[in-house]
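S.K.: Before I ask anything, let me first share the structure, which is written out below as structure tokens.
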Amino acid sequence: MLCARAPLFLACAILAAGEASPGHVSAQLILPGSAPAGTAVDIAVELRIEAGWHLYWQNPGDSGLPPSLRWTLPPGWRADPPRFPAPERHAESGMVTFIHHQRLVLLSTLHIPARAEGVQPLRVTVGWLACKETCVPGKADLAAEFHIGGDTPADPAAADLIAAARAALPAPDASVTAVRDEAGVRLHLPGQTAAPVVFPAVEGLFRSDHPAAEAAAGGWIVHLPLVAGAALPERFIGVVRHDGRAIAIDTPIPQSTP
Amino acid sequence: MNRILALTLIISTTLLAADPIAPGSKAPDFTLKDAAGADVALSSFAGKTVVLEWINFDCPFVKKHYASGNMPKQQTDAKAKGVVCLTICSSAPGKQGHFAGEALNARIAAEKATPSHYLIDADGAVGKAYGATTTPQMVILDGTATVRYHGAIDSIRSTDAADIPKAVNHVATALDEILAGKPVTTAQSKSYGCGVKY
């Protein structure tokens, strides 16, 4: 039915072969239509999540498992690790996890080799853990055909979805600074009106149940204690939600206490 | 140089205080009922190496290690070397993973679980005292009830049993080192799994 409406056989291929919905989640591989050889384009895996259930962010927090993408690509093709939108903080039974509700779009950059031509099959096995008090693992094998060159018109709906997902990614923000403190790291987040929520991107370094942000002159301070046994990294990499938007932080942690 | 050392000591002390069972610390004693209804005290195993395992049979991460036979084999192997294996369930009654009575014994048999004791921590007090957050979660104590390992069962966080042969089994490695009188190379790791259903 959707195929009949779609202007392109490409969209048919996506819908016919690229969709699966076991375990409270449906997964779809979204390609932007076509692209020339020797370029890089964003492609997406869209995960629609049953109401009440959740999936996990790249750093799941105290428990859980992030979705995984295992690509099977033509020789010479390469897909970068997925980029996640900002998660939500979820506290339950004394544990803090970083999760996604309703819908999660994972963006990967696809690198097309210079000599690529014709129509090429792309395959991805998507694995996830969906939880709602209890957890159910799920998996989907998705496939779609990618058209090399500019003669195939782009798929506008897919391109819009990918563009929207890109726009929803946390935007880099250099105003946040980090210093070492007695238990880990202290972040200073200037110029924000509402209390920020911090999500460390790398798993297992900082405690997920860190203290709430404290108001400070011109912004907020967040203390992030290290997980027992973890070594202080050279940089703090993470995402912050505040004032209705999400920013990406990647800032050095000076190794000597000022 | 001295300042750096002092700072390191401060950080270490802080971290020890934050983690009730950091490697090197003394494990809290406890007494729990086992699946047969008998009282089992940790202190009764003085002199023996003890493996604690947090469990919820219905958690997919636990299923990975039971359906594959990995955990039962680890229990059998460890017991053959004189190690005591205590499986602890901190699921609250009514929550996933809580079993009692005949249903529990049937489930233990069905899963081919072979711990020394399956212990019921229905109020979660022991799980919380040990900072157990996930199932599975593993703790190894030496004969003096000193924590020698705390964390994940192995190095690959997944629900896929196909990953087990590819993973480094931190528990088996640490047990071999402890039984050989060596220091434990990896004494701590981040456990992976479902949240404990307190």
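Every chain in the structure tokens takes a letter, A first, then B, and so on in the order presented; its residues are numbered from 1, and the ligands are numbered from 1 following the presented order.
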Enumerate, as a ChimeraX atom specification, the complete set of residues in region 96-144 of chain B that a backbone-based DSSP assignment places in helix (DSSP H, G or I).

M.R.: /B:101-110,125-129

S.K.: Write a file of the selected residues as an mmCIF file, in the first residue's frame, keeping C-alpha atoms.

M.R.:
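out36.cif, freshly written:
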```
data_model
loop_
_atom_site.group_PDB
_atom_site.id
_atom_site.type_symbol
_atom_site.label_atom_id
_atom_site.label_comp_id
_atom_site.auth_asym_id
_atom_site.auth_seq_id
_atom_site.Cartn_x
_atom_site.Cartn_y
_atom_site.Cartn_z
ATOM 1 C CA GLY B 101 9.100 -22.633 47.633
ATOM 2 C CA GLU B 102 8.461 -25.345 45.072
ATOM 3 C CA ALA B 103 8.413 -22.920 42.145
ATOM 4 C CA LEU B 104 11.940 -21.858 43.052
ATOM 5 C CA ASN B 105 13.276 -25.389 43.342
ATOM 6 C CA ALA B 106 11.650 -26.324 40.028
ATOM 7 C CA ARG B 107 13.207 -23.290 38.372
ATOM 8 C CA ILE B 108 16.669 -23.988 39.807
ATOM 9 C CA ALA B 109 16.418 -27.532 38.434
ATOM 10 C CA ALA B 110 15.157 -26.345 35.040
ATOM 11 C CA ALA B 125 19.082 -5.540 52.335
ATOM 12 C CA VAL B 126 22.057 -7.678 51.318
ATOM 13 C CA GLY B 127 21.926 -6.503 47.698
ATOM 14 C CA LYS B 128 21.954 -2.886 48.832
ATOM 15 C CA ALA B 129 24.743 -3.482 51.367
#
```

S.K.: Any idea which chain A residues end up within 10 Å of chain B if we count only C-alpha atoms, as JSON, numbers by chain please?

M.R.: {"A": [60, 61, 62, 63, 64, 65, 66, 68, 92, 93, 94, 95, 96, 97, 127, 128, 129, 131, 133, 134, 135, 136, 137, 138, 181, 182, 183, 184, 203, 204, 205, 225, 226, 227, 228, 229, 230, 255, 256, 257]}

S.K.: Kindly export the residues of the current selection with N, CA and C atoms, as a compact mmCIF listing (two decimals), in the first residue's frame.

M.R.:
```
# COMPACT_ATOMS: atom_id res chain seq x y z
N PRO A 60 24.35 3.51 28.64
CA PRO A 60 23.03 3.18 29.18
C PRO A 60 22.87 3.58 30.64
N GLY A 61 23.98 3.86 31.34
CA GLY A 61 23.89 4.17 32.77
C GLY A 61 24.12 2.93 33.60
N ASP A 62 23.38 2.78 34.69
CA ASP A 62 23.66 1.71 35.66
C ASP A 62 23.26 0.31 35.19
N SER A 63 22.40 0.21 34.19
CA SER A 63 22.05 -1.10 33.65
C SER A 63 21.61 -0.90 32.21
N GLY A 64 21.23 -2.00 31.55
CA GLY A 64 20.75 -1.87 30.17
C GLY A 64 21.82 -2.06 29.13
N LEU A 65 21.47 -1.75 27.90
CA LEU A 65 22.33 -2.06 26.75
C LEU A 65 21.95 -1.14 25.60
N PRO A 66 22.90 -0.44 25.00
CA PRO A 66 22.53 0.41 23.87
C PRO A 66 22.21 -0.43 22.63
N SER A 68 22.58 -1.85 18.96
CA SER A 68 23.80 -2.08 18.18
C SER A 68 23.44 -2.19 16.70
N GLU A 92 15.16 4.73 38.83
CA GLU A 92 14.25 3.67 39.28
C GLU A 92 15.00 2.75 40.23
N SER A 93 14.42 2.46 41.38
CA SER A 93 15.01 1.56 42.37
C SER A 93 16.46 1.94 42.70
N GLY A 94 16.73 3.23 42.81
CA GLY A 94 18.06 3.66 43.19
C GLY A 94 19.09 3.59 42.07
N MET A 95 18.64 3.24 40.87
CA MET A 95 19.56 3.19 39.73
C MET A 95 19.17 4.24 38.71
N VAL A 96 20.17 4.77 38.04
CA VAL A 96 19.91 5.80 37.05
C VAL A 96 20.33 5.27 35.68
N THR A 97 19.41 5.34 34.73
CA THR A 97 19.74 4.94 33.37
C THR A 97 19.42 6.08 32.41
N GLY A 127 20.35 -4.74 16.86
CA GLY A 127 20.04 -5.44 18.11
C GLY A 127 19.67 -4.41 19.16
N TRP A 128 18.77 -4.75 20.06
CA TRP A 128 18.40 -3.81 21.12
C TRP A 128 17.89 -4.56 22.34
N LEU A 129 17.81 -3.82 23.43
CA LEU A 129 17.18 -4.31 24.64
C LEU A 129 16.06 -3.32 24.97
N CYS A 131 13.01 -2.25 27.47
CA CYS A 131 12.66 -2.49 28.86
C CYS A 131 11.44 -1.68 29.28
N GLU A 133 10.11 -2.04 33.16
CA GLU A 133 10.28 -2.83 34.38
C GLU A 133 11.07 -4.10 34.08
N THR A 134 10.62 -4.90 33.13
CA THR A 134 11.42 -6.05 32.71
C THR A 134 11.94 -5.78 31.31
N CYS A 135 12.88 -6.61 30.86
CA CYS A 135 13.58 -6.33 29.61
C CYS A 135 13.45 -7.48 28.62
N VAL A 136 13.34 -7.11 27.35
CA VAL A 136 13.22 -8.10 26.28
C VAL A 136 14.21 -7.73 25.17
N PRO A 137 15.12 -8.63 24.84
CA PRO A 137 16.03 -8.32 23.73
C PRO A 137 15.30 -8.47 22.40
N GLY A 138 15.69 -7.69 21.42
CA GLY A 138 15.10 -7.79 20.09
C GLY A 138 16.17 -7.65 19.03
N ASP A 181 38.00 17.75 40.48
CA ASP A 181 37.77 18.02 41.91
C ASP A 181 38.09 16.76 42.71
N GLU A 182 37.83 16.79 44.01
CA GLU A 182 38.35 15.71 44.87
C GLU A 182 37.79 14.34 44.49
N ALA A 183 36.58 14.29 43.92
CA ALA A 183 35.98 12.98 43.65
C ALA A 183 35.88 12.66 42.16
N GLY A 184 36.17 13.63 41.33
CA GLY A 184 36.02 13.39 39.89
C GLY A 184 36.18 14.66 39.10
N GLU A 203 30.71 5.17 28.88
CA GLU A 203 30.18 4.34 29.94
C GLU A 203 31.24 3.98 30.97
N GLY A 204 30.83 3.89 32.23
CA GLY A 204 31.71 3.33 33.25
C GLY A 204 32.75 4.27 33.82
N LEU A 205 32.70 5.57 33.47
CA LEU A 205 33.69 6.50 34.02
C LEU A 205 33.11 7.31 35.17
N PRO A 225 31.17 12.55 40.21
CA PRO A 225 32.16 11.67 40.84
C PRO A 225 32.51 10.52 39.90
N LEU A 226 33.77 10.12 39.96
CA LEU A 226 34.18 8.96 39.17
C LEU A 226 33.58 7.69 39.75
N VAL A 227 33.35 6.72 38.89
CA VAL A 227 32.96 5.38 39.32
C VAL A 227 34.17 4.78 40.05
N ALA A 228 33.91 3.99 41.10
CA ALA A 228 35.00 3.38 41.85
C ALA A 228 35.93 2.62 40.91
N GLY A 229 37.21 2.91 41.02
CA GLY A 229 38.18 2.18 40.21
C GLY A 229 38.44 2.79 38.85
N ALA A 230 37.63 3.78 38.43
CA ALA A 230 37.82 4.38 37.11
C ALA A 230 38.91 5.44 37.18
N GLN A 255 44.71 18.30 34.34
CA GLN A 255 45.09 17.24 35.27
C GLN A 255 45.60 17.74 36.61
N SER A 256 45.91 19.05 36.72
CA SER A 256 46.32 19.55 38.02
C SER A 256 45.19 20.40 38.58
N THR A 257 44.98 20.29 39.88
CA THR A 257 43.91 21.05 40.51
C THR A 257 44.31 22.51 40.56
```

S.K.: Could you jot down the CA of Pro136 (chain B) to CA of Ala91 (chain A) separation for me, Å, one decimal place?

M.R.: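 Going from CA of Pro136 (chain B) over to CA of Ala91 (chain A), I get 19.6 Å.
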
S.K.: Env of Pro93 (chain B): 9 Å cut, atoms = only C-alpha atoms, seq-sep filter 6 positions within chain, self excluded. Answer as a VMD selection string.

M.R.: chain B and resid 99 to 100 122 to 123 198

S.K.: Take the residues from that selection and put them in a file with N, CA and C atoms, as a compact mmCIF listing (two decimals), in the first residue's frame.

M.R.:
```txt
# COMPACT_ATOMS: atom_id res chain seq x y z
N PHE B 99 11.30 -15.82 43.27
CA PHE B 99 10.67 -17.15 43.35
C PHE B 99 10.83 -17.65 44.77
N ALA B 100 9.90 -18.52 45.18
CA ALA B 100 10.00 -19.13 46.51
C ALA B 100 9.40 -20.53 46.45
N ALA B 122 14.75 -11.15 49.90
CA ALA B 122 13.50 -10.54 49.44
C ALA B 122 13.40 -9.06 49.80
N ASP B 123 13.99 -8.65 50.93
CA ASP B 123 13.90 -7.22 51.28
C ASP B 123 15.06 -6.41 50.67
N TYR B 198 14.62 -4.46 43.09
CA TYR B 198 14.40 -4.27 44.53
C TYR B 198 12.93 -3.94 44.80
```

S.K.: List the spatial neighbours of Val184 (chain B) as a ChimeraX atom specification - criterion: any atom at most 7 Å away, only C-alpha atoms, same-chain residues fewer than 6 positions off excluded.

M.R.: /B:148,174,177-178

S.K.: I want to know what sits within 12 Å of Phe236 (chain A), based on only C-alpha atoms, with residues of the same chain fewer than 4 positions away left out; could you give that as a short mmCIF file (atom, residue, chain, number, x, y, z; two decimals) with C-alpha atoms, in the first residue's frame?

M.R.:
```cif
data_model
loop_
_atom_site.label_atom_id
_atom_site.label_comp_id
_atom_site.auth_asym_id
_atom_site.auth_seq_id
_atom_site.Cartn_x
_atom_site.Cartn_y
_atom_site.Cartn_z
CA ALA A 174 32.42 25.20 23.78
CA VAL A 176 31.20 24.47 29.20
CA THR A 177 34.44 23.94 31.12
CA ALA A 178 35.66 21.10 33.31
CA VAL A 179 38.04 21.02 36.26
CA ARG A 180 39.19 18.14 38.38
CA GLY A 184 36.02 13.39 39.89
CA VAL A 185 35.11 16.33 37.71
CA ARG A 186 33.32 19.64 38.22
CA LEU A 187 31.59 21.10 35.19
CA HIS A 188 30.77 24.77 34.88
CA VAL A 198 24.35 15.95 32.26
CA PHE A 199 24.89 12.66 30.44
CA PRO A 200 28.50 11.40 30.29
CA ALA A 201 28.97 9.81 26.86
CA VAL A 202 31.50 7.19 27.87
CA GLU A 203 30.18 4.34 29.94
CA LEU A 205 33.69 6.50 34.02
CA PHE A 206 31.34 8.76 35.96
CA LEU A 224 30.47 14.21 38.54
CA LEU A 226 34.18 8.96 39.17
CA LEU A 232 40.09 10.24 35.27
CA VAL A 240 23.71 18.29 28.41
CA ALA A 248 27.40 18.28 23.05
CA ILE A 249 30.45 18.82 25.25
CA ASP A 250 34.00 17.74 24.54
CA THR A 251 36.34 19.65 26.82
CA PRO A 252 39.73 18.94 28.39
CA ILE A 253 39.97 18.12 32.09
CA PRO A 254 43.13 19.86 33.35
CA GLN A 255 45.09 17.24 35.27
#
```

S.K.: Per DSSP on the backbone, filter region 44-252 of chain A down to the residues in strand (DSSP E or B) and report them as a VMD selection string.

M.R.: chain A and resid 44 to 49 54 to 61 68 to 72 78 to 79 83 88 to 92 95 to 101 103 to 111 119 to 132 134 to 148 171 to 172 177 to 180 184 to 190 197 to 200 206 214 to 216 219 to 226 235 to 242 245 to 252

S.K.: Restricting the output to C-alpha atoms, write the selected residues as an mmCIF file, in the first residue's frame.

M.R.:
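Result saved to result-v3.cif:
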```cif
data_model
loop_
_atom_site.group_PDB
_atom_site.id
_atom_site.type_symbol
_atom_site.label_atom_id
_atom_site.label_comp_id
_atom_site.auth_asym_id
_atom_site.auth_seq_id
_atom_site.Cartn_x
_atom_site.Cartn_y
_atom_site.Cartn_z
ATOM 1 C CA ALA A 44 19.383 6.234 9.442
ATOM 2 C CA VAL A 45 17.920 3.396 11.416
ATOM 3 C CA GLU A 46 14.577 4.418 12.869
ATOM 4 C CA LEU A 47 13.376 2.535 15.950
ATOM 5 C CA ARG A 48 9.744 2.996 16.945
ATOM 6 C CA ILE A 49 9.180 1.987 20.549
ATOM 7 C CA HIS A 54 12.297 2.281 26.403
ATOM 8 C CA LEU A 55 15.617 1.731 24.688
ATOM 9 C CA TYR A 56 19.030 2.828 25.959
ATOM 10 C CA TRP A 57 21.414 5.601 25.007
ATOM 11 C CA GLN A 58 25.044 4.995 23.942
ATOM 12 C CA ASN A 59 25.943 5.086 27.651
ATOM 13 C CA PRO A 60 23.027 3.184 29.184
ATOM 14 C CA GLY A 61 23.894 4.173 32.770
ATOM 15 C CA SER A 68 23.797 -2.082 18.177
ATOM 16 C CA LEU A 69 24.172 -1.843 14.394
ATOM 17 C CA ARG A 70 26.128 -4.529 12.558
ATOM 18 C CA TRP A 71 26.507 -3.606 8.911
ATOM 19 C CA THR A 72 27.053 -5.909 5.959
ATOM 20 C CA ARG A 78 32.116 1.759 5.480
ATOM 21 C CA ALA A 79 29.572 3.039 8.019
ATOM 22 C CA ARG A 83 25.170 9.093 16.528
ATOM 23 C CA GLU A 88 16.245 11.173 29.073
ATOM 24 C CA ARG A 89 17.357 10.523 32.646
ATOM 25 C CA HIS A 90 15.453 7.660 34.251
ATOM 26 C CA ALA A 91 15.726 6.905 37.988
ATOM 27 C CA GLU A 92 14.247 3.674 39.285
ATOM 28 C CA MET A 95 19.564 3.189 39.730
ATOM 29 C CA VAL A 96 19.909 5.799 37.045
ATOM 30 C CA THR A 97 19.740 4.936 33.371
ATOM 31 C CA PHE A 98 19.815 7.041 30.199
ATOM 32 C CA ILE A 99 16.972 6.110 27.887
ATOM 33 C CA HIS A 100 14.814 6.863 24.860
ATOM 34 C CA HIS A 101 11.035 6.636 24.650
ATOM 35 C CA ARG A 103 11.218 6.846 18.841
ATOM 36 C CA LEU A 104 14.964 6.726 18.384
ATOM 37 C CA VAL A 105 16.711 7.594 15.131
ATOM 38 C CA LEU A 106 20.339 6.474 14.883
ATOM 39 C CA LEU A 107 22.375 8.270 12.227
ATOM 40 C CA SER A 108 25.410 6.715 10.602
ATOM 41 C CA THR A 109 27.650 8.257 7.997
ATOM 42 C CA LEU A 110 28.018 5.939 5.022
ATOM 43 C CA HIS A 111 31.276 6.234 3.083
ATOM 44 C CA VAL A 119 22.739 -0.550 -7.298
ATOM 45 C CA GLN A 120 24.295 -1.994 -4.149
ATOM 46 C CA PRO A 121 22.653 -3.936 -1.325
ATOM 47 C CA LEU A 122 23.063 -2.614 2.217
ATOM 48 C CA ARG A 123 22.284 -4.854 5.150
ATOM 49 C CA VAL A 124 22.248 -4.150 8.856
ATOM 50 C CA THR A 125 21.446 -6.289 11.857
ATOM 51 C CA VAL A 126 19.970 -4.097 14.567
ATOM 52 C CA GLY A 127 20.042 -5.443 18.109
ATOM 53 C CA TRP A 128 18.398 -3.808 21.125
ATOM 54 C CA LEU A 129 17.181 -4.306 24.643
ATOM 55 C CA ALA A 130 13.679 -2.946 25.238
ATOM 56 C CA CYS A 131 12.659 -2.491 28.865
ATOM 57 C CA LYS A 132 9.537 -1.605 30.836
ATOM 58 C CA THR A 134 11.417 -6.048 32.706
ATOM 59 C CA CYS A 135 13.583 -6.330 29.613
ATOM 60 C CA VAL A 136 13.219 -8.099 26.283
ATOM 61 C CA PRO A 137 16.025 -8.315 23.732
ATOM 62 C CA GLY A 138 15.104 -7.789 20.091
ATOM 63 C CA LYS A 139 16.809 -8.062 16.733
ATOM 64 C CA ALA A 140 15.980 -7.154 13.143
ATOM 65 C CA ASP A 141 17.765 -7.870 9.893
ATOM 66 C CA LEU A 142 17.166 -4.919 7.596
ATOM 67 C CA ALA A 143 18.119 -4.506 3.955
ATOM 68 C CA ALA A 144 17.720 -1.908 1.242
ATOM 69 C CA GLU A 145 19.296 -1.058 -2.093
ATOM 70 C CA PHE A 146 21.496 1.956 -2.506
ATOM 71 C CA HIS A 147 21.660 3.689 -5.901
ATOM 72 C CA ILE A 148 24.975 5.169 -6.936
ATOM 73 C CA ALA A 171 24.907 20.856 19.036
ATOM 74 C CA PRO A 172 28.570 21.342 19.981
ATOM 75 C CA THR A 177 34.444 23.942 31.117
ATOM 76 C CA ALA A 178 35.660 21.100 33.310
ATOM 77 C CA VAL A 179 38.043 21.017 36.261
ATOM 78 C CA ARG A 180 39.187 18.144 38.382
ATOM 79 C CA GLY A 184 36.021 13.390 39.889
ATOM 80 C CA VAL A 185 35.112 16.334 37.707
ATOM 81 C CA ARG A 186 33.325 19.636 38.218
ATOM 82 C CA LEU A 187 31.588 21.099 35.188
ATOM 83 C CA HIS A 188 30.771 24.773 34.883
ATOM 84 C CA LEU A 189 27.852 25.507 32.583
ATOM 85 C CA PRO A 190 27.449 29.240 32.005
ATOM 86 C CA VAL A 197 20.982 17.468 33.151
ATOM 87 C CA VAL A 198 24.346 15.946 32.264
ATOM 88 C CA PHE A 199 24.890 12.661 30.444
ATOM 89 C CA PRO A 200 28.501 11.402 30.294
ATOM 90 C CA PHE A 206 31.341 8.759 35.960
ATOM 91 C CA GLU A 214 23.871 23.662 41.788
ATOM 92 C CA ALA A 215 23.168 27.238 40.795
ATOM 93 C CA ALA A 216 26.340 29.320 40.588
ATOM 94 C CA GLY A 219 25.217 29.457 35.404
ATOM 95 C CA TRP A 220 25.400 26.054 37.014
ATOM 96 C CA ILE A 221 27.927 23.699 38.590
ATOM 97 C CA VAL A 222 27.644 19.929 38.249
ATOM 98 C CA HIS A 223 29.832 17.527 40.256
ATOM 99 C CA LEU A 224 30.472 14.210 38.538
ATOM 100 C CA PRO A 225 32.159 11.669 40.838
ATOM 101 C CA LEU A 226 34.184 8.960 39.172
ATOM 102 C CA ARG A 235 38.582 15.002 28.338
ATOM 103 C CA PHE A 236 34.995 15.185 29.454
ATOM 104 C CA ILE A 237 32.716 14.058 26.632
ATOM 105 C CA GLY A 238 28.992 14.182 27.104
ATOM 106 C CA VAL A 239 25.625 15.716 26.392
ATOM 107 C CA VAL A 240 23.714 18.289 28.414
ATOM 108 C CA ARG A 241 20.005 18.969 28.291
ATOM 109 C CA HIS A 242 18.995 22.410 29.447
ATOM 110 C CA ARG A 245 17.761 22.029 24.046
ATOM 111 C CA ALA A 246 20.682 19.622 23.975
ATOM 112 C CA ILE A 247 24.360 20.459 23.625
ATOM 113 C CA ALA A 248 27.398 18.278 23.046
ATOM 114 C CA ILE A 249 30.455 18.816 25.250
ATOM 115 C CA ASP A 250 33.998 17.738 24.538
ATOM 116 C CA THR A 251 36.338 19.649 26.825
ATOM 117 C CA PRO A 252 39.727 18.937 28.389
#
```

S.K.: So how far away is CA of Gly118 (chain A) from CA of Asp42 (chain A), in Å?

M.R.: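 Answer for the CA of Asp42 (chain A) to CA of Gly118 (chain A) separation: 18.9 Å.
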
S.K.: How many Å separate CA of His117 (chain B) from CA of Ser155 (chain B)?

M.R.: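 Here the two named atoms are 25.6 Å from each other.
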
S.K.: Using only C-alpha atoms, can you tell me which of B:Ile120, B:Ile140, B:Ala46, B:Ala162 comes closest to Ala78 (chain B)?

M.R.: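 Among the listed residues, the smallest separation from Ala78 (chain B) belongs to B:Ile140.
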
S.K.: With only C-alpha atoms as the basis for distance, which of B:Lys79, B:Lys166, B:Lys63, B:His150 is at the shortest distance from Ser25 (chain B)?

M.R.: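 Of B:Lys79, B:Lys166, B:Lys63, B:His150, the one nearest Ser25 (chain B) is B:His150, counting only C-alpha atoms.
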